[in-house]
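Some notes on the structure that comes next.
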Amino acid sequence: MSFPNLLTVPKIDKTGVEERVNRFCKRSIKNSSKTHGLHLALSMIDLTTLDGKDTPENVKRMCYKANHLHDSLQGIPKVAAVCVYPTMVKYAKKELKGTKINVASVATGFPSGQSSLDVKLSDTKFAVNEGADEIDMVISRGKFLAGEYNFVYDEIASVKEVCGKAHLKVILETGELDTLDNVRKASEIAIYAGADFIKTSTGKINPASTMSVAYVMLNAIKDYYKQTGIKIGMKPAGGISSSKIALQYLVMLNETLGHEWMNKDLFRFGASSLANDILMQLQRQESGYYESIDYFSKD
Amino acid sequence: MSNIDLNKIWNYTTAKESKDHILLKEKYDLFINGKFVKSKSRKYFNSVNPATDEIIAKISEANKEDINFAVKAANTAFKSWSKLKAKERAKYIFRIARMIQERAKEFAVIESMDGGKPIRESRDIDIPLAANHFFYYAGWADKLEYAFPNTSHEPIGVAGQIIPWNFPLLMAAWKIAPAIACGNTVVLKPAETTSLTALKLAEIIEESGLPKGVVNIVTGGGKTGSEIVNHPNIDKIAFTGSTKVGKLIKRSIAGTHKKLTLELGGKGANIIFEDAAIDQAVEGIINAIFFNQGHVCCAGSRLFVQESIFEIVVEKLKDRMSSLIIGDPLDKNTDIGAINSKEQLATIKKYINIGLEEGGEIYQKKCSISEKGNWFPPTLFLNVSQSHTIVQEEIFGPVLAIQTFRTIDEVIEKANNTPYGLSAGVWTEKGSKIFKLTKELNAGVVWANTYNKFDPTSPFGGVKESGIGREGGLHGLKAYLKFK
């Protein structure tokens with residue numbers, strides 16, 4: 001691990017990024033490639049509930065949903081993980097015992113990250129001790145915008161240390177970073193500080209993930225891989241509510257990082273309502289007509 | 001350096017645009033004096049789909065008598081059309097624009113079938129831009145006194161217009177819209193290999209009720225073109241095509257009263273500095289050369305890379321090329337379609353051989369290519385210099401010649417070291433550098449941090465051997481008016 005050379009971080013042209021992203025959105029994904037894409041997207045979902053009003057009960061219901069997405073549809077994959085607050089980890093863990101579904105926990109003073117390093121580290125340790133397989137931490141955006149890049153780097157590195165075996169996803173909260181240049185810079189810092197995944201957003205700030213932001217992050221992952229041979233994962237989160245958008249992200253992934261990234265070990269969607277929309281589309285691929293959304297359970 | 005394999009990508013199933021909604025006749029005649037008429041030559045030639053080698057329609061070949069007839073019709077129509085109230089002229093042009101929009105999908109499919117360009121481009125670029133040109137110039141028709149205040153001007157007369165095969169409908173729009181907006185009448189000849197959308201436009205013009213003879217569309221090859229150029233009753237020639245033919249035209253009308261605009265070849269310099277936004281620049285370089293299979297007069301066919309970023313740029317270019325999809329122009333996912341004609345394919349191959357013989361190092365995208373039709377993979381040439389033929393001459397195909405440079409002055413000198421002067425591109429995040437280069441590059445259009453952007457409001461045209469005059473924008477009106 002070393003601090004990235006921020007002088008050589010590529011600059012980003014926003015208009016150019018938007019044009020490129022627009023091209024991805026124009027790919028026409030039909031029939032078998034659509035079914036394939038929808039299956040893939042479903043398997044990459046981190047089913048999420050991150051509310052102040054969360055209780056063990058609603059977390060349990062969501063976990064059941066994660067394991068029984070839509071039992072009347074044959075041969076569909078399960079979601080990759082559920083994503084909850086640290087205090088909910090043990091309930092999720094219990095509910096998902098025996099399944100291959102991971103439990104991810106947000107930590108480090110999610111969503112604002114405005115707490116001391118001690119609090120952040122104990123928050124993370126608590127989640128890991130409760131059994132979290134994955135930790136979704138937030139970076140200190142205030143420090144980042146104030147130019148204290150070393151602080152941001154050190155914080156990520158410290159959290160990584162206490163994660164142990166748990167995978168670390170680093171949330172950049174791109175909606176607060178203002179420019180794509182900043183997104184790229186923050187991606188570099190997170191990757192070099194030890195992130196297993198970089199993640200766009202908490203879902204608590206508007207805008208959450210956009211294709212442009214995700215594209216910039218994918219390119220950071222690509223350049224890092226080319227230099228080091230190490231594969232970093234990517235997780236866009238928030239705002240990905242429909243199958244159509246999910247497929248557009250997959251097209252972008254496919255044409256930027258290629259097939260080796262097209263799996264849940266290296267790509268996730270942080271989303272709550274996406275799963276049902278995909279299920280509805282898959283149902284339609286099978287039967288030829290759309291069923292009412294009320295046929296798909298909301299938990 | 002670790003490699004990323006984008007070839008074994010999640011395969012998109014074919015997403016073919018339907019052909020059910022298009023109407024094509026077996027045979028197309030000439031559109032003269034407001035209706036389709038048989039040519040006096042009685043001869044027809046084939047219009048071939050360059051992706052399948054199928055004959056899609058037979059096209060009439062206009063001879064001298066036909067051109068006489070068309071020019072006569074245009075002359076007669078000029079008397080009343082030039083006197084018609086400008087706002088009435090505008091209404092017809094607006095109507096044509098709207099009718100193109102209404103039938104955009106049909107035009108897009110025919111454009112791709114006839115010319116080989118991917119449907120994504122004909123649908124998103126060619127056809128909408130063609131409609132926009134009509135809209136734009138319709139707007140000017142009754143405002144010419146505000147376009148050129150304190151001047152006295154009038155239409156020129158009959159315009160003979162000869163257009164190329166790379167953007168068939170769009171070039172027809174570039175030519176016809178400003179001409180008739182200013183009160184001129186038109187005899188237009190589309191390129192031999194791509195006459196269909198111009199003839200479909202003739203159908204729209206017929207339906208629109210535009211007074212007969214204002215727009216006449218005649219088809220044929222070079223011979224038909226020279227009948228137009230040399231016709232004594234034509235007052236203005238507008239030609240888009242090769243520099244070679246442009247020079248011939250200029251010679252043959254020297255000493256006559258004819259006005260002239262020429263939009264000719266180019267060898268656009270695309271310059272990337274070490275301080276550029278590199279991924280977006282690479283994307284721009286790809287679009288600059290591979291847009292429309294490189295059949296673009298302003299294509300960025302000469303790439304200049306600053307030495308410090310040479311390796312990374314080449315690596316990123318190769319990487320981006322590997323995700324380009326080459327194939328059926330009617331597939332919505334196709335990025336690169338078919339080469340327009342067998343002749344053009346032979347020309348490209350000729351240049352590739354010359355490039356290799358002169359010691360260039362070639363890199364081509366690996367792709368399986370159908371036996372039928374005309375195809376050529378996206379190609380890079382490394383290890384070439386200003387002295388190499390493929391750096392000097394226009395190839396008009398998907399072939400990019402890459403050179404390096406060290407300093408700003410060096411690259412300006414090299415970029416300007418060509419008989420052409422149509423287009424250039426600059427990629428840097430430093431504003432002052434952009435201003436220096438746009439000032440010192442000798443080209444009709446210089447794009448900064450983008451490439452191949454077209455808009456009806458923006459004039460387009462070349463300096464040096466790339467042409468005379470401008471099309472588009474206010475400049476485009478000037479070419480169709482006489483100032484007193």
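Identifiers for the structure tokens are assigned positionally: chains receive A, B, ... in sequence, residues are indexed from 1 per chain, and ligands are indexed from 1 in the order shown.
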
- Task: From a DSSP pass on the backbone, collect the residues of region 11-167 of chain B flagged as alpha helix (DSSP H) and hand them back as number ranges by chain.
- Result: B: 64-81, 86-102, 104-115, 119-121, 127-140, 144-147

- Identify every residue of chain A that has at least one atom within 8 Å of any atom of chain B, counting only C-alpha atoms, and report the result as a list of chain:residue names.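 The contacting residues on chain A are A:Pro10, A:Lys11, A:Ile12, A:Asp13, A:Gly16, A:Val17, A:Arg20, A:Lys26, A:Arg27, A:Ser28, A:Ile29, A:Lys30, A:Asn31, A:Ser32, A:Ser33, A:Tyr225, A:Lys226, A:Gln227, A:Thr228, A:Gly229, A:Asn254, A:Glu255, A:Thr256, A:Leu257, A:Gly258, A:His259.
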
Keeping only N, CA and C atoms, write the selected residues as a PDB file, in the first residue's frame.
ATOM      1  N   PRO A  10      -5.315  10.951 -14.160  1.00  0.00           N
ATOM      2  CA  PRO A  10      -5.853  11.519 -15.396  1.00  0.00           C
ATOM      3  C   PRO A  10      -6.960  12.544 -15.129  1.00  0.00           C
ATOM      4  N   LYS A  11      -6.959  13.574 -15.937  1.00  0.00           N
ATOM      5  CA  LYS A  11      -8.036  14.562 -15.845  1.00  0.00           C
ATOM      6  C   LYS A  11      -9.279  14.018 -16.543  1.00  0.00           C
ATOM      7  N   ILE A  12     -10.408  14.564 -16.156  1.00  0.00           N
ATOM      8  CA  ILE A  12     -11.676  14.072 -16.699  1.00  0.00           C
ATOM      9  C   ILE A  12     -12.412  15.196 -17.407  1.00  0.00           C
ATOM     10  N   ASP A  13     -12.878  14.916 -18.603  1.00  0.00           N
ATOM     11  CA  ASP A  13     -13.692  15.874 -19.336  1.00  0.00           C
ATOM     12  C   ASP A  13     -15.146  15.426 -19.250  1.00  0.00           C
ATOM     13  N   GLY A  16     -17.156  14.774 -22.469  1.00  0.00           N
ATOM     14  CA  GLY A  16     -16.702  13.549 -23.116  1.00  0.00           C
ATOM     15  C   GLY A  16     -17.240  12.318 -22.413  1.00  0.00           C
ATOM     16  N   VAL A  17     -17.249  12.365 -21.088  1.00  0.00           N
ATOM     17  CA  VAL A  17     -17.779  11.234 -20.316  1.00  0.00           C
ATOM     18  C   VAL A  17     -19.260  11.043 -20.621  1.00  0.00           C
ATOM     19  N   ARG A  20     -19.761   9.402 -23.957  1.00  0.00           N
ATOM     20  CA  ARG A  20     -19.423   7.971 -23.937  1.00  0.00           C
ATOM     21  C   ARG A  20     -20.545   7.178 -23.267  1.00  0.00           C
ATOM     22  N   LYS A  26     -27.264   3.368 -25.604  1.00  0.00           N
ATOM     23  CA  LYS A  26     -27.913   3.097 -26.887  1.00  0.00           C
ATOM     24  C   LYS A  26     -27.776   1.649 -27.338  1.00  0.00           C
ATOM     25  N   ARG A  27     -27.037   0.853 -26.618  1.00  0.00           N
ATOM     26  CA  ARG A  27     -26.970  -0.564 -26.969  1.00  0.00           C
ATOM     27  C   ARG A  27     -28.354  -1.174 -26.808  1.00  0.00           C
ATOM     28  N   SER A  28     -28.716  -2.015 -27.741  1.00  0.00           N
ATOM     29  CA  SER A  28     -30.030  -2.638 -27.695  1.00  0.00           C
ATOM     30  C   SER A  28     -29.865  -4.068 -27.172  1.00  0.00           C
ATOM     31  N   ILE A  29     -30.406  -4.307 -25.981  1.00  0.00           N
ATOM     32  CA  ILE A  29     -30.222  -5.610 -25.345  1.00  0.00           C
ATOM     33  C   ILE A  29     -31.551  -6.353 -25.378  1.00  0.00           C
ATOM     34  N   LYS A  30     -31.590  -7.416 -26.154  1.00  0.00           N
ATOM     35  CA  LYS A  30     -32.855  -8.107 -26.373  1.00  0.00           C
ATOM     36  C   LYS A  30     -32.693  -9.616 -26.141  1.00  0.00           C
ATOM     37  N   ASN A  31     -33.849 -10.258 -26.032  1.00  0.00           N
ATOM     38  CA  ASN A  31     -33.939 -11.719 -26.000  1.00  0.00           C
ATOM     39  C   ASN A  31     -32.960 -12.386 -25.036  1.00  0.00           C
ATOM     40  N   SER A  32     -32.165 -13.339 -25.583  1.00  0.00           N
ATOM     41  CA  SER A  32     -31.331 -14.137 -24.686  1.00  0.00           C
ATOM     42  C   SER A  32     -30.278 -13.294 -23.978  1.00  0.00           C
ATOM     43  N   SER A  33     -29.759 -12.262 -24.653  1.00  0.00           N
ATOM     44  CA  SER A  33     -28.757 -11.444 -23.971  1.00  0.00           C
ATOM     45  C   SER A  33     -29.416 -10.624 -22.866  1.00  0.00           C
ATOM     46  N   TYR A 225      -5.698  -1.812 -12.507  1.00  0.00           N
ATOM     47  CA  TYR A 225      -5.482  -3.215 -12.876  1.00  0.00           C
ATOM     48  C   TYR A 225      -4.359  -3.353 -13.901  1.00  0.00           C
ATOM     49  N   LYS A 226      -4.361  -2.447 -14.869  1.00  0.00           N
ATOM     50  CA  LYS A 226      -3.318  -2.528 -15.901  1.00  0.00           C
ATOM     51  C   LYS A 226      -1.925  -2.327 -15.296  1.00  0.00           C
ATOM     52  N   GLN A 227      -1.866  -1.503 -14.272  1.00  0.00           N
ATOM     53  CA  GLN A 227      -0.552  -1.254 -13.668  1.00  0.00           C
ATOM     54  C   GLN A 227      -0.128  -2.349 -12.699  1.00  0.00           C
ATOM     55  N   THR A 228      -1.087  -2.920 -11.974  1.00  0.00           N
ATOM     56  CA  THR A 228      -0.722  -3.802 -10.862  1.00  0.00           C
ATOM     57  C   THR A 228      -1.207  -5.236 -11.019  1.00  0.00           C
ATOM     58  N   GLY A 229      -2.184  -5.441 -11.910  1.00  0.00           N
ATOM     59  CA  GLY A 229      -2.768  -6.771 -12.035  1.00  0.00           C
ATOM     60  C   GLY A 229      -3.764  -7.084 -10.925  1.00  0.00           C
ATOM     61  N   ASN A 254     -19.287  -4.180 -19.155  1.00  0.00           N
ATOM     62  CA  ASN A 254     -18.858  -5.126 -20.170  1.00  0.00           C
ATOM     63  C   ASN A 254     -17.865  -4.511 -21.146  1.00  0.00           C
ATOM     64  N   GLU A 255     -18.134  -3.262 -21.531  1.00  0.00           N
ATOM     65  CA  GLU A 255     -17.303  -2.644 -22.557  1.00  0.00           C
ATOM     66  C   GLU A 255     -16.149  -1.832 -21.964  1.00  0.00           C
ATOM     67  N   THR A 256     -16.106  -1.762 -20.635  1.00  0.00           N
ATOM     68  CA  THR A 256     -14.994  -1.029 -20.023  1.00  0.00           C
ATOM     69  C   THR A 256     -14.012  -1.993 -19.353  1.00  0.00           C
ATOM     70  N   LEU A 257     -14.544  -2.896 -18.552  1.00  0.00           N
ATOM     71  CA  LEU A 257     -13.661  -3.819 -17.829  1.00  0.00           C
ATOM     72  C   LEU A 257     -13.724  -5.246 -18.361  1.00  0.00           C
ATOM     73  N   GLY A 258     -14.744  -5.552 -19.139  1.00  0.00           N
ATOM     74  CA  GLY A 258     -14.778  -6.868 -19.770  1.00  0.00           C
ATOM     75  C   GLY A 258     -15.366  -7.945 -18.890  1.00  0.00           C
ATOM     76  N   HIS A 259     -15.391  -9.156 -19.441  1.00  0.00           N
ATOM     77  CA  HIS A 259     -16.141 -10.246 -18.828  1.00  0.00           C
ATOM     78  C   HIS A 259     -15.626 -10.673 -17.463  1.00  0.00           C
TER      79      HIS A 259
END

- Would you mind reading off the distance between CA of Glu440 (chain B) and CA of Asn416 (chain B), one decimal, in Å?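 For CA of Glu440 (chain B) relative to CA of Asn416 (chain B), the distance reads 8.8 Å.
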
- Could you work out how far CA of Ser212 (chain A) lies from CA of Lys430 (chain B), giving the answer in Å with one decimal? 22.1 Å

- Query: What lies within 9 Å of Ile76 (chain A) using only C-alpha atoms, ignoring chain neighbours under 4 positions off, as a ChimeraX atom specification?
  - Reply: /A:39,42-43,69-71,279,282

Keeping only C-alpha atoms, take the residues you just selected and write them out as a PDB file, in the first residue's frame.
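Done, and the output landed in result_31.pdb:
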ATOM      1  CA  HIS A  39     -29.946 -12.852 -14.240  1.00  0.00           C
ATOM      2  CA  LEU A  42     -30.112  -9.947  -9.968  1.00  0.00           C
ATOM      3  CA  SER A  43     -27.140 -11.922  -8.701  1.00  0.00           C
ATOM      4  CA  LEU A  69     -36.946 -13.682  -4.424  1.00  0.00           C
ATOM      5  CA  HIS A  70     -39.840 -15.106  -6.368  1.00  0.00           C
ATOM      6  CA  ASP A  71     -40.206 -18.808  -5.842  1.00  0.00           C
ATOM      7  CA  LEU A 279     -38.175 -10.159 -11.467  1.00  0.00           C
ATOM      8  CA  LEU A 282     -37.804 -12.003 -16.115  1.00  0.00           C
TER       9      LEU A 282
END

- Message: Which residues are close to Ser272 (chain A), i.e. within 10 Å by only C-alpha atoms, leaving aside same-chain residues fewer than 6 positions away? Reply as a list of chain:residue names.
- Response: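 In the requested form, the answer reads A:Ile45, A:Asp46, A:Leu47, A:Thr48, A:Thr49, A:Leu50, A:Met62, A:Val82, A:Cys83, A:Ala237, A:Gly238, A:Gly239, A:Ile240, A:Ser241, A:Lys298, A:Asp299.
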
- For region 168-177 of chain B, work out the shell of residues within 8 Å, counting only C-alpha atoms and skipping chain neighbours fewer than 5 positions away, then give it as a ChimeraX atom specification. /B:93,111,126-127,129-131,133-134,137-138,161,163,186,188,190-191,194-195,197-198,201,215,238,471-472

Restricted to C-alpha atoms, what would the selected residues look like written as an mmCIF file, in the first residue's frame?
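Final output, saved to result_13.cif:
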data_model
loop_
_atom_site.group_PDB
_atom_site.id
_atom_site.type_symbol
_atom_site.label_atom_id
_atom_site.label_comp_id
_atom_site.auth_asym_id
_atom_site.auth_seq_id
_atom_site.Cartn_x
_atom_site.Cartn_y
_atom_site.Cartn_z
ATOM 1 C CA ILE B 93 -38.948 24.679 -46.548
ATOM 2 C CA GLU B 111 -29.514 5.467 -45.829
ATOM 3 C CA ASP B 126 -27.563 12.062 -40.609
ATOM 4 C CA ILE B 127 -31.333 12.298 -40.742
ATOM 5 C CA LEU B 129 -29.230 16.940 -38.939
ATOM 6 C CA ALA B 130 -30.674 16.978 -42.462
ATOM 7 C CA ALA B 131 -34.076 18.012 -41.104
ATOM 8 C CA HIS B 133 -30.687 22.193 -41.912
ATOM 9 C CA PHE B 134 -34.044 22.675 -43.581
ATOM 10 C CA TYR B 137 -32.566 27.867 -43.415
ATOM 11 C CA ALA B 138 -36.349 28.079 -43.515
ATOM 12 C CA GLN B 161 -25.144 20.911 -56.967
ATOM 13 C CA ILE B 163 -22.880 15.805 -53.667
ATOM 14 C CA VAL B 186 -31.628 23.780 -57.950
ATOM 15 C CA LEU B 188 -28.891 18.404 -57.725
ATOM 16 C CA PRO B 190 -26.466 12.682 -55.748
ATOM 17 C CA ALA B 191 -23.498 10.334 -55.887
ATOM 18 C CA THR B 194 -26.019 6.549 -52.975
ATOM 19 C CA SER B 195 -28.895 8.103 -54.875
ATOM 20 C CA THR B 197 -32.345 9.068 -50.083
ATOM 21 C CA ALA B 198 -32.076 12.015 -52.472
ATOM 22 C CA LEU B 201 -36.380 13.451 -50.703
ATOM 23 C CA VAL B 215 -35.717 21.463 -56.980
ATOM 24 C CA ALA B 238 -21.648 23.755 -55.449
ATOM 25 C CA GLU B 471 -21.704 25.847 -45.918
ATOM 26 C CA GLY B 472 -23.892 26.133 -42.861
#

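Interatomic distance, CA of Tyr149 (chain A) to CA of Glu18 (chain A): 26.9 Å.
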
- Message: Applying 9 Å and only C-alpha atoms, which residues near region 298-308 of chain B remain after dropping the ones on its own chain fewer than 2 positions away? List them as a ChimeraX atom specification.
- Response: /B:265-274,285-291,294-296,310-313,391-392,394-407,411,414-415,422-425,445,451-452

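Among A:Tyr215, A:Tyr64, A:Tyr224, A:Tyr295, the residue with the shortest atom-to-atom distance to Leu250 (chain A), counting only C-alpha atoms, is A:Tyr215.
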
- Message: With only C-alpha atoms as the counted atoms, please give the residues lying no more than 10 Å from region 36-50 of chain B, apart from itself and same-chain residues fewer than 2 positions off, as a PyMOL selection string.
- Response: chain B and resi 27-34+52-67+69+110-117+192-196+199+202-203+206+216-221+329+337-342+372-375

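Closest to Ala86 (chain B) among B:Gln101, B:Ser242, B:Asn184, B:Asn68 is B:Asn184, based on only C-alpha atoms.
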
- Just the strand (DSSP E or B) stuff from region 90-252 of chain A, please, per backbone DSSP, written as a ChimeraX atom specification. /A:102-107,134-138,167-171,197-199,233-235,237

- Tell me which of A:Thr202, A:Thr55, A:Ser72, A:Thr124 sits closest to Ser297 (chain A), counting only C-alpha atoms.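 Answer, going by the shortest atom-to-atom distance: A:Ser72.
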